[in-house]
Amino acid sequence: MNLGFVIGVLGVLILSHAAYSTIQYRGLLKITEEEFTGPPLNVVVELIVGLALCMWAALTFPGKFLSIHPDSDENRAVSLPDNSDFMIFNHRGRLFPPEITMKF
Amino acid sequence: MVTKTEETELSQLENQVENGGGGVWEYLCVVRKLKVRRSELVLKHGLSILNDPGKRSALGPDEWTLYEQVAIAAMDCQSLAVAQNCIKVLQKKFPESKRVGKLEALLLEAKGMWEEAEKAYSILLEDNPLDQVIHKRKVAMAKAQGKPSLAIEHLNKYLEVFMADHDAWRELAEIYVSLQMYKQAAFCYEELILSQPTLPLYHLAYAEVLYTIGGHENLIAARKYYASTIDLTGGKSTRALFGLCLCGSAIAQLSKGRNKEDKDMAAPELQSLAATALEKEYKQKAPAKLNLLSSALRSLKL
């Protein structure tokens with residue numbers, strides 16, 4: 001988990017560095033009065049690397065994914081809740097009160 | 001509904017608590033959240049917390065919820081003195097509370113003093129005529145006194161006002177089934193399926209009621225609902241698989257005299273598929289009984 005966090009931070013840093021390089025490049029283009037068609041190749045490579053690192057970190061950092069299938073082994077409905085609003089106390093168990101002590 | 005993970009968590013906590021491993025408060029919270037009925041354990045362990053003033057004050061404001069939970073569990077186990085004491089403590093803390101009033105009326109019910117409980121509930125209803133819990137307690141009282149027709153009457157009146165309460169529909173369906181009024185029970189289960197179509201247990205119960213009523217159309221419908229249960233549970237419901245095989249053979253027997261109506265293009269494949277699935281499951285879980293199963297399935301296909 002820690003590795004995922006570090007790699008996530010690294011990915012974000014790389015992305016922000018790519019953004020800063022693009023801004024600098026645009027400033028340079030403004031001086032030489034050329035059209036801004038797209039960031040230079042090395043910035044694109046840096047963007048792809050940053051994307052890959054951030055995606056990997058986003059998938060590994062949060063931990064175990066939960067299942068969404070309603071019939072998977074964890075999510076299946078095993079039983080309905082006992083209707084406690086309609087609970088009656090008139091059952092056979094009332095002849096066997098448990099031995100308890102209370103001090104309040 | 002209780003999912004498998006919640007059930008395993010509950011049984012784990014139960015084992016831990018029973019073997020003296022602590023975690024009592026988490027167990028009580030889980031029981032309260034899942035609304036399961038574990039009255040003896042709740043009483044025993046809840047009292048162990050309440051008897052100890054140190055642990056009691058460590059709970060803070062949750063102490064009163066615990067008193068309420070232990071009071072109801074005590075009533076279920078017929079330890080009326082404990083329940084009385086818990087209610088007294090709650091009364092001292094919250095003198096004019098309706099919630100405590102409901103608990104007192106519940107205690108009268110547990111003692112079997114039906115008229116006094118009736119009176120107490122009517123007084124509470126005067127202040128708040130739309131209180132769902134009190135209406136449901138009236139139904140429960142009618143059920144406890146052995147008057148299912150009165151319970152049905154009360155429940156029907158309740159459901160005219162609060163149509164979306166699926167616990168009440170479920171209760172009505174169960175009372176009808178106990179009185180063998182299957183057509184009305186089928187209606188209740190239809191309402192339940194409409195409100196929660198993804199819960200396979202309702203489909204299963206509906207299919208069983210239809211199968212009990214019998215008759216050609218009902219059997220075909222029952223088979224459809226067994227099939228939908230199998231679909232919703234991913235093929236893991238043994239009961240639905242058996243139901244499918246039985247429906248198939250019942251339909252075959254009924255339509256022996258008739259001509260080839262919509263003689264179920266799906267029928268032979270469905271039945272044999274279900275039989276194969278059953279045999280696979282038995283091979284995995286109970287191989288000793290596999291022979292019994294195979295001979296039973298063979299006799300069904302006649």
# chains A, B, ... in the order shown; residues from 1 in each chain; ligands from 1

$ interface_residues --of "chain A" --to "chain B" --cutoff "12 Å" --atoms "only C-alpha atoms" --output "VMD selection string"
chain A and resid 66 to 67 69 to 104

$ select_by_dssp --residues "segment 52-141 of chain B" --states "alpha helix (DSSP H)" --output "PyMOL selection string"
chain B and resi 53-58+62-76+80-93+98-111+114-127+132-141

$ residues_around --residues "Met55 of chain A" --least-positions-apart "3" --cutoff "12 Å" --atoms "only C-alpha atoms" --output "list of chain:residue names"
A:Gly4, A:Phe5, A:Ile7, A:Gly8, A:Val9, A:Leu10, A:Gly11, A:Val12, A:Ile48, A:Val49, A:Gly50, A:Leu51, A:Ala52, A:Ala58, A:Leu59, A:Thr60, A:Phe61, A:Pro62

$ closest_residue --among "B:Ala205, B:Leu219, B:Leu192, B:Leu28" --to "Glu63 of chain B" --atoms "only C-alpha atoms"
B:Leu28

$ decode --residues "segment 49-92 of chain B" --atoms "N, CA and C atoms" --output "PDB file, in the first residue's frame"
ATOM      1  N   ILE B  49     -21.993  -5.965  30.467  1.00  0.00           N
ATOM      2  CA  ILE B  49     -21.531  -4.578  30.354  1.00  0.00           C
ATOM      3  C   ILE B  49     -22.263  -3.701  31.357  1.00  0.00           C
ATOM      4  N   LEU B  50     -23.594  -3.897  31.464  1.00  0.00           N
ATOM      5  CA  LEU B  50     -24.367  -2.969  32.294  1.00  0.00           C
ATOM      6  C   LEU B  50     -24.083  -3.149  33.772  1.00  0.00           C
ATOM      7  N   ASN B  51     -23.703  -4.397  34.176  1.00  0.00           N
ATOM      8  CA  ASN B  51     -23.437  -4.617  35.591  1.00  0.00           C
ATOM      9  C   ASN B  51     -22.184  -3.917  36.061  1.00  0.00           C
ATOM     10  N   ASP B  52     -21.315  -3.586  35.125  1.00  0.00           N
ATOM     11  CA  ASP B  52     -20.016  -3.016  35.492  1.00  0.00           C
ATOM     12  C   ASP B  52     -20.066  -1.515  35.244  1.00  0.00           C
ATOM     13  N   PRO B  53     -20.093  -0.693  36.322  1.00  0.00           N
ATOM     14  CA  PRO B  53     -20.282   0.754  36.111  1.00  0.00           C
ATOM     15  C   PRO B  53     -19.170   1.388  35.290  1.00  0.00           C
ATOM     16  N   GLY B  54     -17.953   0.796  35.350  1.00  0.00           N
ATOM     17  CA  GLY B  54     -16.868   1.354  34.544  1.00  0.00           C
ATOM     18  C   GLY B  54     -17.159   1.210  33.062  1.00  0.00           C
ATOM     19  N   LYS B  55     -17.525  -0.034  32.663  1.00  0.00           N
ATOM     20  CA  LYS B  55     -17.815  -0.265  31.245  1.00  0.00           C
ATOM     21  C   LYS B  55     -19.038   0.535  30.816  1.00  0.00           C
ATOM     22  N   ARG B  56     -19.992   0.691  31.734  1.00  0.00           N
ATOM     23  CA  ARG B  56     -21.219   1.406  31.399  1.00  0.00           C
ATOM     24  C   ARG B  56     -20.924   2.844  31.030  1.00  0.00           C
ATOM     25  N   SER B  57     -20.108   3.516  31.865  1.00  0.00           N
ATOM     26  CA  SER B  57     -19.834   4.925  31.576  1.00  0.00           C
ATOM     27  C   SER B  57     -18.928   5.056  30.361  1.00  0.00           C
ATOM     28  N   ALA B  58     -18.156   3.990  30.029  1.00  0.00           N
ATOM     29  CA  ALA B  58     -17.294   4.078  28.843  1.00  0.00           C
ATOM     30  C   ALA B  58     -18.118   4.167  27.567  1.00  0.00           C
ATOM     31  N   LEU B  59     -19.405   3.763  27.632  1.00  0.00           N
ATOM     32  CA  LEU B  59     -20.219   3.788  26.424  1.00  0.00           C
ATOM     33  C   LEU B  59     -20.715   5.173  26.084  1.00  0.00           C
ATOM     34  N   GLY B  60     -20.806   6.045  27.096  1.00  0.00           N
ATOM     35  CA  GLY B  60     -21.305   7.374  26.812  1.00  0.00           C
ATOM     36  C   GLY B  60     -22.801   7.363  26.507  1.00  0.00           C
ATOM     37  N   PRO B  61     -23.224   8.114  25.489  1.00  0.00           N
ATOM     38  CA  PRO B  61     -24.666   8.201  25.225  1.00  0.00           C
ATOM     39  C   PRO B  61     -25.253   6.909  24.666  1.00  0.00           C
ATOM     40  N   ASP B  62     -24.403   5.963  24.235  1.00  0.00           N
ATOM     41  CA  ASP B  62     -24.948   4.703  23.716  1.00  0.00           C
ATOM     42  C   ASP B  62     -25.474   3.821  24.823  1.00  0.00           C
ATOM     43  N   GLU B  63     -25.211   4.224  26.062  1.00  0.00           N
ATOM     44  CA  GLU B  63     -25.648   3.412  27.203  1.00  0.00           C
ATOM     45  C   GLU B  63     -27.154   3.180  27.146  1.00  0.00           C
ATOM     46  N   TRP B  64     -27.914   4.219  26.770  1.00  0.00           N
ATOM     47  CA  TRP B  64     -29.370   4.103  26.808  1.00  0.00           C
ATOM     48  C   TRP B  64     -29.883   3.181  25.721  1.00  0.00           C
ATOM     49  N   THR B  65     -29.220   3.203  24.528  1.00  0.00           N
ATOM     50  CA  THR B  65     -29.601   2.255  23.482  1.00  0.00           C
ATOM     51  C   THR B  65     -29.374   0.835  23.972  1.00  0.00           C
ATOM     52  N   LEU B  66     -28.263   0.664  24.726  1.00  0.00           N
ATOM     53  CA  LEU B  66     -27.985  -0.673  25.239  1.00  0.00           C
ATOM     54  C   LEU B  66     -29.041  -1.108  26.236  1.00  0.00           C
ATOM     55  N   TYR B  67     -29.478  -0.161  27.083  1.00  0.00           N
ATOM     56  CA  TYR B  67     -30.551  -0.501  28.027  1.00  0.00           C
ATOM     57  C   TYR B  67     -31.791  -0.973  27.286  1.00  0.00           C
ATOM     58  N   GLU B  68     -32.118  -0.249  26.203  1.00  0.00           N
ATOM     59  CA  GLU B  68     -33.311  -0.620  25.434  1.00  0.00           C
ATOM     60  C   GLU B  68     -33.149  -2.006  24.812  1.00  0.00           C
ATOM     61  N   GLN B  69     -31.946  -2.244  24.236  1.00  0.00           N
ATOM     62  CA  GLN B  69     -31.718  -3.532  23.582  1.00  0.00           C
ATOM     63  C   GLN B  69     -31.795  -4.673  24.597  1.00  0.00           C
ATOM     64  N   VAL B  70     -31.172  -4.455  25.779  1.00  0.00           N
ATOM     65  CA  VAL B  70     -31.186  -5.510  26.795  1.00  0.00           C
ATOM     66  C   VAL B  70     -32.597  -5.714  27.324  1.00  0.00           C
ATOM     67  N   ALA B  71     -33.375  -4.602  27.444  1.00  0.00           N
ATOM     68  CA  ALA B  71     -34.750  -4.751  27.933  1.00  0.00           C
ATOM     69  C   ALA B  71     -35.559  -5.646  27.002  1.00  0.00           C
ATOM     70  N   ILE B  72     -35.444  -5.399  25.689  1.00  0.00           N
ATOM     71  CA  ILE B  72     -36.225  -6.211  24.753  1.00  0.00           C
ATOM     72  C   ILE B  72     -35.742  -7.659  24.769  1.00  0.00           C
ATOM     73  N   ALA B  73     -34.419  -7.866  24.837  1.00  0.00           N
ATOM     74  CA  ALA B  73     -33.897  -9.234  24.885  1.00  0.00           C
ATOM     75  C   ALA B  73     -34.368  -9.940  26.153  1.00  0.00           C
ATOM     76  N   ALA B  74     -34.409  -9.194  27.267  1.00  0.00           N
ATOM     77  CA  ALA B  74     -34.857  -9.806  28.521  1.00  0.00           C
ATOM     78  C   ALA B  74     -36.317 -10.234  28.415  1.00  0.00           C
ATOM     79  N   MET B  75     -37.143  -9.383  27.750  1.00  0.00           N
ATOM     80  CA  MET B  75     -38.543  -9.760  27.589  1.00  0.00           C
ATOM     81  C   MET B  75     -38.668 -11.000  26.747  1.00  0.00           C
ATOM     82  N   ASP B  76     -37.795 -11.134  25.718  1.00  0.00           N
ATOM     83  CA  ASP B  76     -37.861 -12.307  24.863  1.00  0.00           C
ATOM     84  C   ASP B  76     -37.479 -13.562  25.625  1.00  0.00           C
ATOM     85  N   CYS B  77     -36.561 -13.433  26.611  1.00  0.00           N
ATOM     86  CA  CYS B  77     -36.135 -14.593  27.399  1.00  0.00           C
ATOM     87  C   CYS B  77     -36.957 -14.731  28.660  1.00  0.00           C
ATOM     88  N   GLN B  78     -38.005 -13.923  28.797  1.00  0.00           N
ATOM     89  CA  GLN B  78     -38.892 -13.995  29.954  1.00  0.00           C
ATOM     90  C   GLN B  78     -38.181 -13.673  31.267  1.00  0.00           C
ATOM     91  N   SER B  79     -37.135 -12.844  31.232  1.00  0.00           N
ATOM     92  CA  SER B  79     -36.522 -12.383  32.483  1.00  0.00           C
ATOM     93  C   SER B  79     -37.130 -11.030  32.777  1.00  0.00           C
ATOM     94  N   LEU B  80     -38.376 -11.045  33.299  1.00  0.00           N
ATOM     95  CA  LEU B  80     -39.133  -9.802  33.362  1.00  0.00           C
ATOM     96  C   LEU B  80     -38.563  -8.828  34.388  1.00  0.00           C
ATOM     97  N   ALA B  81     -37.890  -9.366  35.433  1.00  0.00           N
ATOM     98  CA  ALA B  81     -37.320  -8.453  36.435  1.00  0.00           C
ATOM     99  C   ALA B  81     -36.238  -7.585  35.816  1.00  0.00           C
ATOM    100  N   VAL B  82     -35.393  -8.222  34.994  1.00  0.00           N
ATOM    101  CA  VAL B  82     -34.325  -7.465  34.325  1.00  0.00           C
ATOM    102  C   VAL B  82     -34.934  -6.378  33.454  1.00  0.00           C
ATOM    103  N   ALA B  83     -35.964  -6.777  32.683  1.00  0.00           N
ATOM    104  CA  ALA B  83     -36.598  -5.815  31.789  1.00  0.00           C
ATOM    105  C   ALA B  83     -37.181  -4.657  32.584  1.00  0.00           C
ATOM    106  N   GLN B  84     -37.842  -4.996  33.708  1.00  0.00           N
ATOM    107  CA  GLN B  84     -38.441  -3.950  34.539  1.00  0.00           C
ATOM    108  C   GLN B  84     -37.390  -2.973  35.016  1.00  0.00           C
ATOM    109  N   ASN B  85     -36.250  -3.511  35.474  1.00  0.00           N
ATOM    110  CA  ASN B  85     -35.182  -2.634  35.966  1.00  0.00           C
ATOM    111  C   ASN B  85     -34.642  -1.725  34.882  1.00  0.00           C
ATOM    112  N   CYS B  86     -34.398  -2.302  33.705  1.00  0.00           N
ATOM    113  CA  CYS B  86     -33.866  -1.488  32.597  1.00  0.00           C
ATOM    114  C   CYS B  86     -34.833  -0.359  32.281  1.00  0.00           C
ATOM    115  N   ILE B  87     -36.128  -0.686  32.249  1.00  0.00           N
ATOM    116  CA  ILE B  87     -37.113   0.337  31.903  1.00  0.00           C
ATOM    117  C   ILE B  87     -37.167   1.408  32.983  1.00  0.00           C
ATOM    118  N   LYS B  88     -37.004   0.982  34.252  1.00  0.00           N
ATOM    119  CA  LYS B  88     -37.011   1.974  35.333  1.00  0.00           C
ATOM    120  C   LYS B  88     -35.871   2.970  35.171  1.00  0.00           C
ATOM    121  N   VAL B  89     -34.672   2.429  34.834  1.00  0.00           N
ATOM    122  CA  VAL B  89     -33.523   3.317  34.649  1.00  0.00           C
ATOM    123  C   VAL B  89     -33.795   4.290  33.508  1.00  0.00           C
ATOM    124  N   LEU B  90     -34.350   3.755  32.392  1.00  0.00           N
ATOM    125  CA  LEU B  90     -34.631   4.613  31.249  1.00  0.00           C
ATOM    126  C   LEU B  90     -35.673   5.666  31.599  1.00  0.00           C
ATOM    127  N   GLN B  91     -36.663   5.273  32.414  1.00  0.00           N
ATOM    128  CA  GLN B  91     -37.708   6.219  32.794  1.00  0.00           C
ATOM    129  C   GLN B  91     -37.150   7.354  33.616  1.00  0.00           C
ATOM    130  N   LYS B  92     -36.186   6.999  34.515  1.00  0.00           N
ATOM    131  CA  LYS B  92     -35.596   8.047  35.335  1.00  0.00           C
ATOM    132  C   LYS B  92     -34.864   9.064  34.469  1.00  0.00           C
TER     133      LYS B  92
END
